[in-house]
>>> print(open('work-v2.cif').read())   # mmCIF, C-alpha atoms and all ligand atoms
data_run
#
loop_
_atom_site.group_PDB
_atom_site.id
_atom_site.type_symbol
_atom_site.label_atom_id
_atom_site.label_comp_id
_atom_site.auth_asym_id
_atom_site.auth_seq_id
_atom_site.Cartn_x
_atom_site.Cartn_y
_atom_site.Cartn_z
ATOM 1 C CA MET I 101 19.935 -15.198 -2.153
ATOM 2 C CA ILE I 102 19.251 -13.015 -5.195
ATOM 3 C CA GLU I 103 15.565 -13.475 -4.529
ATOM 4 C CA ASN I 104 15.821 -11.487 -1.267
ATOM 5 C CA ILE I 105 18.497 -9.043 -2.302
ATOM 6 C CA PHE I 106 16.134 -6.049 -2.096
ATOM 7 C CA SER I 107 14.495 -7.150 1.158
ATOM 8 C CA MET I 108 14.354 -4.735 4.082
ATOM 9 C CA GLU I 109 12.961 -7.374 6.419
ATOM 10 C CA GLY I 110 13.190 -6.332 10.069
ATOM 11 C CA LYS I 111 14.756 -2.912 9.466
ATOM 12 C CA VAL I 112 14.015 0.133 11.583
ATOM 13 C CA CYS I 113 13.966 3.263 9.417
ATOM 14 C CA VAL I 114 13.600 6.995 9.964
ATOM 15 C CA ILE I 115 12.510 9.326 7.158
ATOM 16 C CA THR I 116 12.332 13.048 7.822
ATOM 17 C CA GLY I 117 9.535 14.822 5.981
ATOM 18 C CA GLY I 118 7.508 11.683 5.337
ATOM 19 C CA SER I 119 3.969 13.059 5.338
ATOM 20 C CA THR I 120 3.896 13.885 1.607
ATOM 21 C CA GLY I 121 5.976 13.610 -1.551
ATOM 22 C CA LEU I 122 9.268 11.751 -1.793
ATOM 23 C CA GLY I 123 9.460 10.915 1.913
ATOM 24 C CA SER I 124 6.051 9.247 1.879
ATOM 25 C CA TYR I 125 6.958 7.338 -1.315
ATOM 26 C CA MET I 126 10.131 5.976 0.333
ATOM 27 C CA ALA I 127 8.212 5.087 3.516
ATOM 28 C CA GLN I 128 5.710 3.109 1.442
ATOM 29 C CA GLY I 129 8.548 1.372 -0.416
ATOM 30 C CA PHE I 130 10.412 0.429 2.780
ATOM 31 C CA LEU I 131 7.254 -1.019 4.358
ATOM 32 C CA GLU I 132 6.377 -2.992 1.235
ATOM 33 C CA ALA I 133 9.977 -4.300 1.186
ATOM 34 C CA GLY I 134 9.517 -5.695 4.724
ATOM 35 C CA ALA I 135 10.739 -2.956 7.113
ATOM 36 C CA SER I 136 9.495 -3.484 10.693
ATOM 37 C CA ARG I 137 9.089 0.139 11.663
ATOM 38 C CA VAL I 138 9.292 3.305 9.598
ATOM 39 C CA TYR I 139 9.242 6.600 11.499
ATOM 40 C CA ILE I 140 8.057 9.577 9.472
ATOM 41 C CA THR I 141 8.274 13.203 10.623
ATOM 42 C CA ALA I 142 6.732 16.547 9.611
ATOM 43 C CA ARG I 143 5.383 19.782 11.131
ATOM 44 C CA SER I 144 1.737 19.419 10.180
ATOM 45 C CA GLU I 145 0.338 16.826 12.587
ATOM 46 C CA GLU I 146 -2.913 16.095 10.788
ATOM 47 C CA LYS I 147 -1.307 15.185 7.461
ATOM 48 C CA LEU I 148 1.396 13.177 9.220
ATOM 49 C CA LEU I 149 -1.069 11.112 11.286
ATOM 50 C CA THR I 150 -3.227 10.421 8.238
ATOM 51 C CA LYS I 151 -0.213 9.262 6.220
ATOM 52 C CA ALA I 152 1.116 7.082 9.063
ATOM 53 C CA LYS I 153 -2.280 5.416 9.447
ATOM 54 C CA GLU I 154 -2.554 4.817 5.712
ATOM 55 C CA LEU I 155 0.965 3.336 5.456
ATOM 56 C CA SER I 156 0.547 1.145 8.556
ATOM 57 C CA GLY I 157 -2.208 -0.669 6.670
ATOM 58 C CA ILE I 158 -0.233 -1.649 3.570
ATOM 59 C CA ALA I 159 2.165 -4.282 4.935
ATOM 60 C CA LYS I 160 3.238 -6.065 8.126
ATOM 61 C CA GLY I 161 5.397 -3.215 9.383
ATOM 62 C CA GLU I 162 4.271 -0.130 11.271
ATOM 63 C CA CYS I 163 4.538 3.514 10.195
ATOM 64 C CA ILE I 164 5.029 5.762 13.229
ATOM 65 C CA PRO I 165 4.577 9.559 13.126
ATOM 66 C CA ILE I 166 6.739 12.018 15.080
ATOM 67 C CA THR I 167 5.681 15.651 14.757
ATOM 68 C CA GLY I 168 8.261 18.437 14.841
ATOM 69 C CA ASP I 169 10.020 21.265 13.046
ATOM 70 C CA LEU I 170 13.530 20.435 11.839
ATOM 71 C CA SER I 171 14.469 23.962 10.844
ATOM 72 C CA SER I 172 16.291 24.497 14.139
ATOM 73 C CA ILE I 173 18.803 22.516 16.180
ATOM 74 C CA GLU I 174 16.226 22.374 19.008
ATOM 75 C CA GLY I 175 13.909 20.543 16.597
ATOM 76 C CA VAL I 176 16.711 18.177 15.616
ATOM 77 C CA ASP I 177 17.459 17.479 19.294
ATOM 78 C CA ALA I 178 13.784 16.841 20.007
ATOM 79 C CA LEU I 179 13.494 14.314 17.164
ATOM 80 C CA ALA I 180 16.704 12.520 18.187
ATOM 81 C CA GLY I 181 15.418 12.443 21.791
ATOM 82 C CA SER I 182 12.040 10.927 20.804
ATOM 83 C CA LEU I 183 13.740 8.273 18.669
ATOM 84 C CA ARG I 184 16.135 7.417 21.498
ATOM 85 C CA GLU I 185 13.160 6.832 23.831
ATOM 86 C CA LYS I 186 11.586 4.418 21.338
ATOM 87 C CA GLU I 187 14.506 2.549 19.742
ATOM 88 C CA LYS I 188 17.831 1.024 20.794
ATOM 89 C CA CYS I 189 19.035 0.804 17.208
ATOM 90 C CA ILE I 190 18.283 2.427 13.855
ATOM 91 C CA ASP I 191 19.201 0.778 10.535
ATOM 92 C CA VAL I 192 18.272 3.517 8.072
ATOM 93 C CA LEU I 193 18.109 7.319 8.253
ATOM 94 C CA VAL I 194 16.781 9.255 5.258
ATOM 95 C CA ASN I 195 17.422 12.986 5.505
ATOM 96 C CA ASN I 196 14.619 14.026 3.190
ATOM 97 C CA ALA I 197 12.799 17.062 4.687
ATOM 98 C CA GLY I 198 13.690 20.141 2.709
ATOM 99 C CA ILE I 199 12.490 23.527 1.580
ATOM 100 C CA GLY I 200 12.441 24.833 -1.976
ATOM 101 C CA THR I 201 13.084 28.556 -2.145
ATOM 102 C CA GLY I 202 13.456 30.805 -5.170
ATOM 103 C CA GLY I 203 13.144 34.247 -6.727
ATOM 104 C CA PRO I 204 15.355 36.954 -8.238
ATOM 105 C CA PHE I 205 18.715 37.612 -6.539
ATOM 106 C CA SER I 206 17.719 41.235 -5.855
ATOM 107 C CA GLU I 207 14.850 39.986 -3.667
ATOM 108 C CA LEU I 208 16.770 37.242 -1.836
ATOM 109 C CA LYS I 209 16.540 37.870 1.920
ATOM 110 C CA PRO I 210 19.110 36.740 4.483
ATOM 111 C CA GLU I 211 16.283 34.961 6.375
ATOM 112 C CA THR I 212 15.433 32.948 3.262
ATOM 113 C CA TRP I 213 19.083 32.037 2.805
ATOM 114 C CA ASP I 214 19.286 30.941 6.459
ATOM 115 C CA ILE I 215 16.148 28.807 6.508
ATOM 116 C CA THR I 216 17.202 27.105 3.265
ATOM 117 C CA MET I 217 20.668 26.294 4.596
ATOM 118 C CA ASP I 218 19.361 25.305 8.037
ATOM 119 C CA LEU I 219 16.697 22.856 6.903
ATOM 120 C CA ASN I 220 18.474 21.506 3.816
ATOM 121 C CA VAL I 221 22.055 21.208 5.111
ATOM 122 C CA LYS I 222 22.607 21.960 8.801
ATOM 123 C CA SER I 223 19.764 19.892 10.293
ATOM 124 C CA PRO I 224 20.468 16.716 8.263
ATOM 125 C CA VAL I 225 24.158 16.874 9.191
ATOM 126 C CA PHE I 226 23.434 17.276 12.907
ATOM 127 C CA LEU I 227 20.598 14.741 12.932
ATOM 128 C CA THR I 228 23.077 12.240 11.470
ATOM 129 C CA GLN I 229 25.586 13.173 14.181
ATOM 130 C CA LYS I 230 22.988 12.772 16.938
ATOM 131 C CA LEU I 231 21.785 9.375 15.667
ATOM 132 C CA ARG I 232 25.295 8.086 14.907
ATOM 133 C CA ASP I 233 25.462 5.767 17.929
ATOM 134 C CA LEU I 234 22.012 4.252 17.268
ATOM 135 C CA LEU I 235 22.970 3.734 13.612
ATOM 136 C CA GLY I 236 26.150 1.943 14.675
ATOM 137 C CA VAL I 237 24.567 -0.562 17.101
ATOM 138 C CA ASN I 238 23.720 -3.378 14.654
ATOM 139 C CA ALA I 239 25.895 -2.299 11.736
ATOM 140 C CA THR I 240 28.482 -4.742 10.383
ATOM 141 C CA ALA I 241 30.714 -4.752 7.310
ATOM 142 C CA THR I 242 28.345 -7.123 5.506
ATOM 143 C CA ASP I 243 25.121 -5.586 6.869
ATOM 144 C CA PRO I 244 25.913 -1.888 7.293
ATOM 145 C CA SER I 245 23.514 0.846 8.393
ATOM 146 C CA ARG I 246 22.558 3.455 5.806
ATOM 147 C CA VAL I 247 22.153 7.210 5.705
ATOM 148 C CA ILE I 248 20.622 8.762 2.607
ATOM 149 C CA PHE I 249 20.596 12.484 1.934
ATOM 150 C CA ILE I 250 18.129 13.835 -0.605
ATOM 151 C CA ALA I 251 19.937 16.444 -2.699
ATOM 152 C CA SER I 252 18.572 17.661 -6.052
ATOM 153 C CA VAL I 253 19.380 18.038 -9.711
ATOM 154 C CA ALA I 254 19.438 21.746 -8.763
ATOM 155 C CA ALA I 255 22.817 21.085 -7.112
ATOM 156 C CA SER I 256 24.308 21.462 -10.581
ATOM 157 C CA TYR I 257 22.242 24.520 -11.645
ATOM 158 C CA SER I 258 23.721 27.972 -12.186
ATOM 159 C CA ILE I 259 20.341 29.690 -12.197
ATOM 160 C CA GLU I 260 19.886 32.978 -10.340
ATOM 161 C CA GLY I 261 16.294 32.131 -9.350
ATOM 162 C CA VAL I 262 17.298 29.168 -7.175
ATOM 163 C CA LEU I 263 20.561 30.505 -5.750
ATOM 164 C CA ALA I 264 19.947 29.527 -2.113
ATOM 165 C CA TYR I 265 18.270 26.195 -2.901
ATOM 166 C CA SER I 266 20.860 25.048 -5.431
ATOM 167 C CA THR I 267 23.717 26.101 -3.137
ATOM 168 C CA SER I 268 22.174 24.117 -0.267
ATOM 169 C CA LYS I 269 21.781 21.008 -2.418
ATOM 170 C CA ASN I 270 25.316 21.384 -3.782
ATOM 171 C CA ALA I 271 26.501 21.504 -0.167
ATOM 172 C CA VAL I 272 24.567 18.286 0.540
ATOM 173 C CA GLU I 273 26.367 16.580 -2.340
ATOM 174 C CA HIS I 274 29.676 17.747 -0.838
ATOM 175 C CA VAL I 275 28.769 16.620 2.684
ATOM 176 C CA VAL I 276 28.010 13.053 1.584
ATOM 177 C CA PRO I 277 31.484 11.723 0.635
ATOM 178 C CA THR I 278 32.990 13.492 3.632
ATOM 179 C CA LEU I 279 30.501 11.892 6.049
ATOM 180 C CA ALA I 280 30.916 8.546 4.280
ATOM 181 C CA LEU I 281 34.583 8.632 5.292
ATOM 182 C CA ALA I 282 33.831 9.914 8.788
ATOM 183 C CA LEU I 283 31.398 7.037 9.471
ATOM 184 C CA CYS I 284 33.014 4.151 7.580
ATOM 185 C CA GLU I 285 34.700 2.646 10.659
ATOM 186 C CA GLU I 286 31.249 2.287 12.235
ATOM 187 C CA ASN I 287 29.907 0.474 9.161
ATOM 188 C CA ILE I 288 27.523 3.301 8.322
ATOM 189 C CA LEU I 289 27.170 3.977 4.594
ATOM 190 C CA VAL I 290 26.311 7.494 3.477
ATOM 191 C CA ASN I 291 24.922 8.240 0.021
ATOM 192 C CA ALA I 292 22.825 10.872 -1.709
ATOM 193 C CA VAL I 293 20.025 10.702 -4.218
ATOM 194 C CA SER I 294 19.664 13.761 -6.430
ATOM 195 C CA PRO I 295 16.145 13.749 -7.846
ATOM 196 C CA GLY I 296 15.036 15.637 -10.908
ATOM 197 C CA ARG I 297 11.346 16.586 -11.203
ATOM 198 C CA PHE I 298 8.978 14.486 -9.069
ATOM 199 C CA PHE I 299 5.279 14.817 -8.276
ATOM 200 C CA SER I 300 5.071 16.278 -4.750
ATOM 201 C CA GLU I 301 3.676 19.225 -2.820
ATOM 202 C CA MET I 302 6.876 21.162 -3.490
ATOM 203 C CA THR I 303 6.363 20.970 -7.255
ATOM 204 C CA ARG I 304 2.535 21.032 -7.281
ATOM 205 C CA GLY I 305 2.419 24.484 -8.912
ATOM 206 C CA ALA I 306 4.356 23.138 -11.892
ATOM 207 C CA TRP I 307 2.296 19.999 -12.621
ATOM 208 C CA GLN I 308 -1.226 20.405 -11.275
ATOM 209 C CA ASP I 309 -2.464 21.788 -14.564
ATOM 210 C CA SER I 310 -1.274 18.993 -16.815
ATOM 211 C CA GLU I 311 -2.354 20.922 -19.939
ATOM 212 C CA ALA I 312 -0.353 24.035 -19.053
ATOM 213 C CA GLU I 313 2.140 25.087 -21.704
ATOM 214 C CA ARG I 314 4.966 25.390 -19.180
ATOM 215 C CA TYR I 315 4.451 21.836 -17.897
ATOM 216 C CA GLN I 316 4.226 20.408 -21.412
ATOM 217 C CA ALA I 317 7.434 22.256 -22.399
ATOM 218 C CA GLU I 318 9.152 20.837 -19.329
ATOM 219 C CA LEU I 319 8.133 17.285 -20.232
ATOM 220 C CA LYS I 320 9.512 17.815 -23.714
ATOM 221 C CA ARG I 321 12.824 19.055 -22.311
ATOM 222 C CA ILE I 322 13.348 16.183 -19.820
ATOM 223 C CA PRO I 323 14.960 13.319 -21.780
ATOM 224 C CA ALA I 324 12.640 10.755 -20.079
ATOM 225 C CA HIS I 325 9.630 12.985 -20.985
ATOM 226 C CA ARG I 326 7.953 12.523 -17.615
ATOM 227 C CA TYR I 327 8.139 13.431 -13.934
ATOM 228 C CA GLY I 328 9.432 10.870 -11.430
ATOM 229 C CA ASP I 329 6.916 8.729 -9.550
ATOM 230 C CA MET I 330 6.694 6.815 -6.290
ATOM 231 C CA GLU I 331 8.320 3.686 -7.786
ATOM 232 C CA ASP I 332 11.288 5.667 -9.139
ATOM 233 C CA ILE I 333 12.406 7.041 -5.764
ATOM 234 C CA ALA I 334 11.255 4.038 -3.696
ATOM 235 C CA GLY I 335 13.138 1.650 -5.989
ATOM 236 C CA VAL I 336 16.432 3.506 -5.626
ATOM 237 C CA ALA I 337 15.998 4.033 -1.865
ATOM 238 C CA ILE I 338 15.255 0.305 -1.351
ATOM 239 C CA MET I 339 18.293 -0.612 -3.430
ATOM 240 C CA LEU I 340 20.507 1.700 -1.371
ATOM 241 C CA CYS I 341 19.161 0.373 1.947
ATOM 242 C CA SER I 342 19.026 -3.371 1.228
ATOM 243 C CA ARG I 343 21.737 -5.976 0.583
ATOM 244 C CA ALA I 344 21.694 -4.856 -3.055
ATOM 245 C CA GLY I 345 23.268 -1.496 -2.225
ATOM 246 C CA SER I 346 25.609 -2.430 0.578
ATOM 247 C CA TYR I 347 28.781 -1.673 -1.407
ATOM 248 C CA PHE I 348 27.865 1.947 -2.193
ATOM 249 C CA THR I 349 29.188 4.729 -0.007
ATOM 250 C CA GLY I 350 29.969 8.394 -0.603
ATOM 251 C CA GLU I 351 27.983 8.212 -3.845
ATOM 252 C CA VAL I 352 25.558 10.687 -5.399
ATOM 253 C CA LEU I 353 22.940 8.987 -7.562
ATOM 254 C CA ASN I 354 21.268 11.260 -10.097
ATOM 255 C CA LEU I 355 17.635 10.168 -10.360
ATOM 256 C CA ASP I 356 16.325 12.605 -12.905
ATOM 257 C CA GLY I 357 15.360 10.925 -16.183
ATOM 258 C CA GLY I 358 18.316 12.748 -17.731
ATOM 259 C CA HIS I 359 17.107 16.203 -16.607
ATOM 260 C CA ARG I 360 20.603 17.439 -15.718
ATOM 261 C CA LEU I 361 21.816 16.680 -19.250
ATOM 262 C CA ARG I 362 19.457 19.300 -20.701
ATOM 263 C CA HIS I 363 18.060 21.667 -18.094
HETATM 264 N N1 LIG I 401 9.807 17.040 -5.768
HETATM 265 C C1 LIG I 401 10.875 17.237 -6.500
HETATM 266 O O1 LIG I 401 10.782 17.372 -7.713
HETATM 267 C C2 LIG I 401 12.239 17.287 -5.842
HETATM 268 C C3 LIG I 401 13.355 17.382 -6.681
HETATM 269 C C4 LIG I 401 14.608 17.409 -6.124
HETATM 270 C C5 LIG I 401 14.759 17.332 -4.758
HETATM 271 N N2 LIG I 401 13.669 17.257 -3.951
HETATM 272 C C6 LIG I 401 13.895 17.164 -2.508
HETATM 273 O O2 LIG I 401 13.103 16.124 -1.976
HETATM 274 C C7 LIG I 401 12.848 16.372 -0.606
HETATM 275 C C8 LIG I 401 11.350 16.169 -0.338
HETATM 276 O O3 LIG I 401 10.624 17.156 -1.035
HETATM 277 P P1 LIG I 401 9.206 16.876 -1.724
HETATM 278 O O4 LIG I 401 9.324 17.317 -3.120
HETATM 279 O O5 LIG I 401 8.748 15.516 -1.436
HETATM 280 O O6 LIG I 401 8.332 17.994 -0.986
HETATM 281 P P2 LIG I 401 7.002 17.931 -0.110
HETATM 282 O O7 LIG I 401 5.957 17.074 -0.746
HETATM 283 O O8 LIG I 401 6.693 19.358 0.167
HETATM 284 O O9 LIG I 401 7.450 17.189 1.243
HETATM 285 C C9 LIG I 401 8.257 17.827 2.186
HETATM 286 C C10 LIG I 401 8.147 17.088 3.490
HETATM 287 O O10 LIG I 401 9.018 17.711 4.437
HETATM 288 C C11 LIG I 401 8.263 18.190 5.546
HETATM 289 N N3 LIG I 401 8.865 19.421 6.031
HETATM 290 C C12 LIG I 401 8.953 20.602 5.385
HETATM 291 N N4 LIG I 401 9.541 21.519 6.170
HETATM 292 C C13 LIG I 401 9.824 20.909 7.344
HETATM 293 C C14 LIG I 401 10.395 21.332 8.567
HETATM 294 N N5 LIG I 401 10.789 22.610 8.758
HETATM 295 N N6 LIG I 401 10.543 20.445 9.579
HETATM 296 C C15 LIG I 401 10.124 19.165 9.414
HETATM 297 N N7 LIG I 401 9.570 18.699 8.279
HETATM 298 C C16 LIG I 401 9.410 19.569 7.258
HETATM 299 C C17 LIG I 401 6.843 18.373 4.991
HETATM 300 O O11 LIG I 401 5.825 18.343 5.986
HETATM 301 P P3 LIG I 401 5.369 19.711 6.779
HETATM 302 O O12 LIG I 401 5.261 20.776 5.733
HETATM 303 O O13 LIG I 401 4.083 19.364 7.436
HETATM 304 O O14 LIG I 401 6.453 19.993 7.764
HETATM 305 C C18 LIG I 401 6.749 17.148 4.093
HETATM 306 O O15 LIG I 401 6.512 15.984 4.857
HETATM 307 C C19 LIG I 401 13.340 17.801 -0.341
HETATM 308 O O16 LIG I 401 14.613 17.746 0.282
HETATM 309 C C20 LIG I 401 13.467 18.392 -1.737
HETATM 310 O O17 LIG I 401 14.423 19.428 -1.795
HETATM 311 C C21 LIG I 401 12.402 17.234 -4.458
#
>>> encode(input="work-v2.cif", output="structure tokens")
Amino acid sequence: MIENIFSMEGKVCVITGGSTGLGSYMAQGFLEAGASRVYITARSEEKLLTKAKELSGIAKGECIPITGDLSSIEGVDALAGSLREKEKCIDVLVNNAGIGTGGPFSELKPETWDITMDLNVKSPVFLTQKLRDLLGVNATATDPSRVIFIASVAASYSIEGVLAYSTSKNAVEHVVPTLALALCEENILVNAVSPGRFFSEMTRGAWQDSEAERYQAELKRIPAHRYGDMEDIAGVAIMLCSRAGSYFTGEVLNLDGGHRLRH
């Protein structure tokens, strides 16, 4: 029993924003843990197709790309519609696609505020609502379905430069326990992971020059003295979505090497 406690054998999973970064790391982890099908989504078709092809070759399961923009409700509807045509049941939804915005408060534009809130908060909430019935089909008290939201260590920042982003991620952390209660009767567990600094496209500017003074200072400041890697996020996502994590709901897991303790 313990031997298979992290298995995702047979699971059908959806990860928004899976062409690069954290989404692609979780997709790889789910497939290596035995998932049957992992749908990944993104706007840029070329990158998405390349990633899906690469990930389909690493294990028995298939990685299936669905192109689309989730920054509007029309995009959310389109994704839910495509998934409904392909699947009768979904076991795991990871609301990962997000945008990182920043800059001085004096330059913050209403459009930037809106796109940050739309992609980071509104779309994940409504995608969860639209996939609720598919998530409930096979879910039982002992083998529940899972929804993971990707928040951020920035949820706890009071830094002017990331006002919109940190507010959106704080909202995500608030949404999670509320949705956990809303969906508990359908045996759907809802949790959040709040990552610290990870290697991804979003953070490329901060780490691509590994000798840069700013990057080195950041590593010094993070208690774990490193950025997060594929295994760090995949490990926690697999735990949350396998038997191992089936008694967690409404929880926010800080996955930041201690970053929030000294940011
Ligand atoms: N990296 C970190 O250090 C870190 C820390 C804390 C939280 N996070 C969170 O982790 C999540 C993933 O970010 P990441 O760092 O892995 O960034 P990333 O490498 O830039 O990946 C973002 C993914 O989302 C997709 N995406 C972006 N905008 C989209 C849209 N409008 N519609 C559909 N898909 C869209 C991207 O593909 P396209 O651009 O082709 O659409 C890509 O697949 C985000 O929610 C982010 O806030 C990241």
>>> closest_atom_pairs(input="work-v2.cif", of="range 167-264 of chain I", to="range 334-356 of chain I", cutoff="12 Å", atoms="all atoms listed in the file", output="CSV")
residue,atom,partner,partner_atom,distance
I:Asp191,CA,I:Cys341,CA,8.6
I:Val192,CA,I:Cys341,CA,6.9
I:Leu193,CA,I:Cys341,CA,9.4
I:Val194,CA,I:Ala337,CA,8.9
I:Asn195,CA,I:Ala337,CA,11.7
I:Asn196,CA,I:Ala337,CA,11.3
I:Ala239,CA,I:Ser346,CA,11.2
I:Thr240,CA,I:Ser346,CA,10.5
I:Ala241,CA,I:Ser346,CA,8.8
I:Thr242,CA,I:Ser346,CA,7.3
I:Asp243,CA,I:Ser346,CA,7.1
I:Pro244,CA,I:Ser346,CA,6.7
I:Ser245,CA,I:Cys341,CA,7.8
I:Arg246,CA,I:Cys341,CA,6.0
I:Val247,CA,I:Cys341,CA,8.4
I:Ile248,CA,I:Ala337,CA,8.0
I:Phe249,CA,I:Val352,CA,9.0
I:Ile250,CA,I:Val352,CA,9.4
I:Ala251,CA,I:Val352,CA,8.5
I:Ser252,CA,I:Asn354,CA,8.0
I:Val253,CA,I:Asp356,CA,7.0
I:Ala254,CA,I:Asp356,CA,10.5
I:Ala255,CA,I:Asn354,CA,10.4
I:Ser256,CA,I:Asn354,CA,10.7
>>> resolve_selection(input="work-v2.cif", expression="the PyMOL selection byres (((chain I and resi 319) around 12) and not hetatm)", output="list in words")
Gly296, Arg297, Phe298, Ala306, Trp307, Ser310, Glu311, Ala312, Glu313, Arg314, Tyr315, Gln316, Ala317, Glu318, Lys320, Arg321, Ile322, Pro323, Ala324, His325, Arg326, Tyr327, Gly328, Asp356, Gly357, Gly358, His359, Arg362 and His363 of chain I
>>> resolve_selection(input="work-v2.cif", expression="the PyMOL selection byres (((chain I and resi 272) around 10) and not hetatm)", output="ChimeraX atom specification")
/I:217,220-222,224-225,249-252,255,266-271,273-277,292,294,352
>>> residues_near_ligand(input="work-v2.cif", ligand="ligand LIG 401 (chain I)", cutoff="8 Å", atoms="only C-alpha atoms and all ligand atoms", output="PyMOL selection string")
chain I and resi 116-124+141-145+147-148+167-172+175+195-200+219-220+250-254+265+269+294-303+327-328
>>> axis_aligned_box(input="work-v2.cif", around="range 342-349 of chain I", padding_each_side="8 Å", output="JSON")
{"center_x": 24.1, "center_y": -0.6, "center_z": -0.9, "size_x": 26.2, "size_y": 26.7, "size_z": 20.3}
>>> atom_distance(input="work-v2.cif", atom1="CA of Gln229 in chain I", atom2="CA of Lys153 in chain I")
29.3 Å
>>> atom_distance(input="work-v2.cif", atom1="CA of Val176 in chain I", atom2="CA of Gly110 in chain I")
25.4 Å
>>> closest_residue(input="work-v2.cif", among="I:Leu361, I:Cys189, I:Val112, I:Ala133", to="Ile158 in chain I", atoms="all atoms listed in the file")
I:Ala133
>>> atom_distance(input="work-v2.cif", atom1="CA of Arg232 in chain I", atom2="CA of Leu179 in chain I")
13.5 Å
>>> residues_around(input="work-v2.cif", residues="Glu109 in chain I", least_positions_apart="6", cutoff="8 Å", atoms="all atoms listed in the file", output="number ranges by chain")
I: 133-136
>>> closest_residue(input="work-v2.cif", among="I:Ala178, I:Ala264, I:Leu131, I:Ile166", to="Asp214 in chain I", atoms="all atoms listed in the file")
I:Ala264
>>> closest_residue(input="work-v2.cif", among="I:Asp329, I:Glu162, I:Glu174, I:Asp218", to="Val114 in chain I", atoms="all atoms listed in the file")
I:Glu162
>>> closest_residue(input="work-v2.cif", among="I:Val293, I:Thr201, I:Gly305, I:Leu279", to="Asp332 in chain I", atoms="all atoms listed in the file")
I:Val293
>>> build_atoms(input="work-v2.cif", residues="range 341-354 of chain I", atoms="N, CA and C atoms", output="short mmCIF file (atom, residue, chain, number, x, y, z; two decimals), keeping the file's coordinate frame")
data_model
loop_
_atom_site.label_atom_id
_atom_site.label_comp_id
_atom_site.auth_asym_id
_atom_site.auth_seq_id
_atom_site.Cartn_x
_atom_site.Cartn_y
_atom_site.Cartn_z
N CYS I 341 19.29 0.76 0.54
CA CYS I 341 19.16 0.37 1.95
C CYS I 341 19.06 -1.13 2.16
N SER I 342 19.11 -1.91 1.10
CA SER I 342 19.03 -3.37 1.23
C SER I 342 20.40 -3.97 0.92
N ARG I 343 20.48 -5.29 0.92
CA ARG I 343 21.74 -5.98 0.58
C ARG I 343 22.26 -5.51 -0.78
N ALA I 344 21.32 -5.23 -1.68
CA ALA I 344 21.69 -4.86 -3.06
C ALA I 344 22.64 -3.65 -3.10
N GLY I 345 22.48 -2.73 -2.16
CA GLY I 345 23.27 -1.50 -2.22
C GLY I 345 24.34 -1.40 -1.15
N SER I 346 24.73 -2.54 -0.59
CA SER I 346 25.61 -2.43 0.58
C SER I 346 27.09 -2.24 0.23
N TYR I 347 27.38 -1.99 -1.05
CA TYR I 347 28.78 -1.67 -1.41
C TYR I 347 28.91 -0.25 -1.96
N PHE I 348 27.85 0.53 -1.80
CA PHE I 348 27.86 1.95 -2.19
C PHE I 348 28.16 2.79 -0.97
N THR I 349 29.14 3.67 -1.02
CA THR I 349 29.19 4.73 -0.01
C THR I 349 29.87 5.97 -0.58
N GLY I 350 29.42 7.13 -0.13
CA GLY I 350 29.97 8.39 -0.60
C GLY I 350 29.50 8.73 -2.02
N GLU I 351 28.43 8.10 -2.46
CA GLU I 351 27.98 8.21 -3.84
C GLU I 351 26.80 9.18 -3.97
N VAL I 352 26.73 9.86 -5.09
CA VAL I 352 25.56 10.69 -5.40
C VAL I 352 24.88 10.08 -6.62
N LEU I 353 23.66 9.61 -6.44
CA LEU I 353 22.94 8.99 -7.56
C LEU I 353 21.96 9.99 -8.16
N ASN I 354 22.18 10.35 -9.41
CA ASN I 354 21.27 11.26 -10.10
C ASN I 354 20.04 10.48 -10.57
#
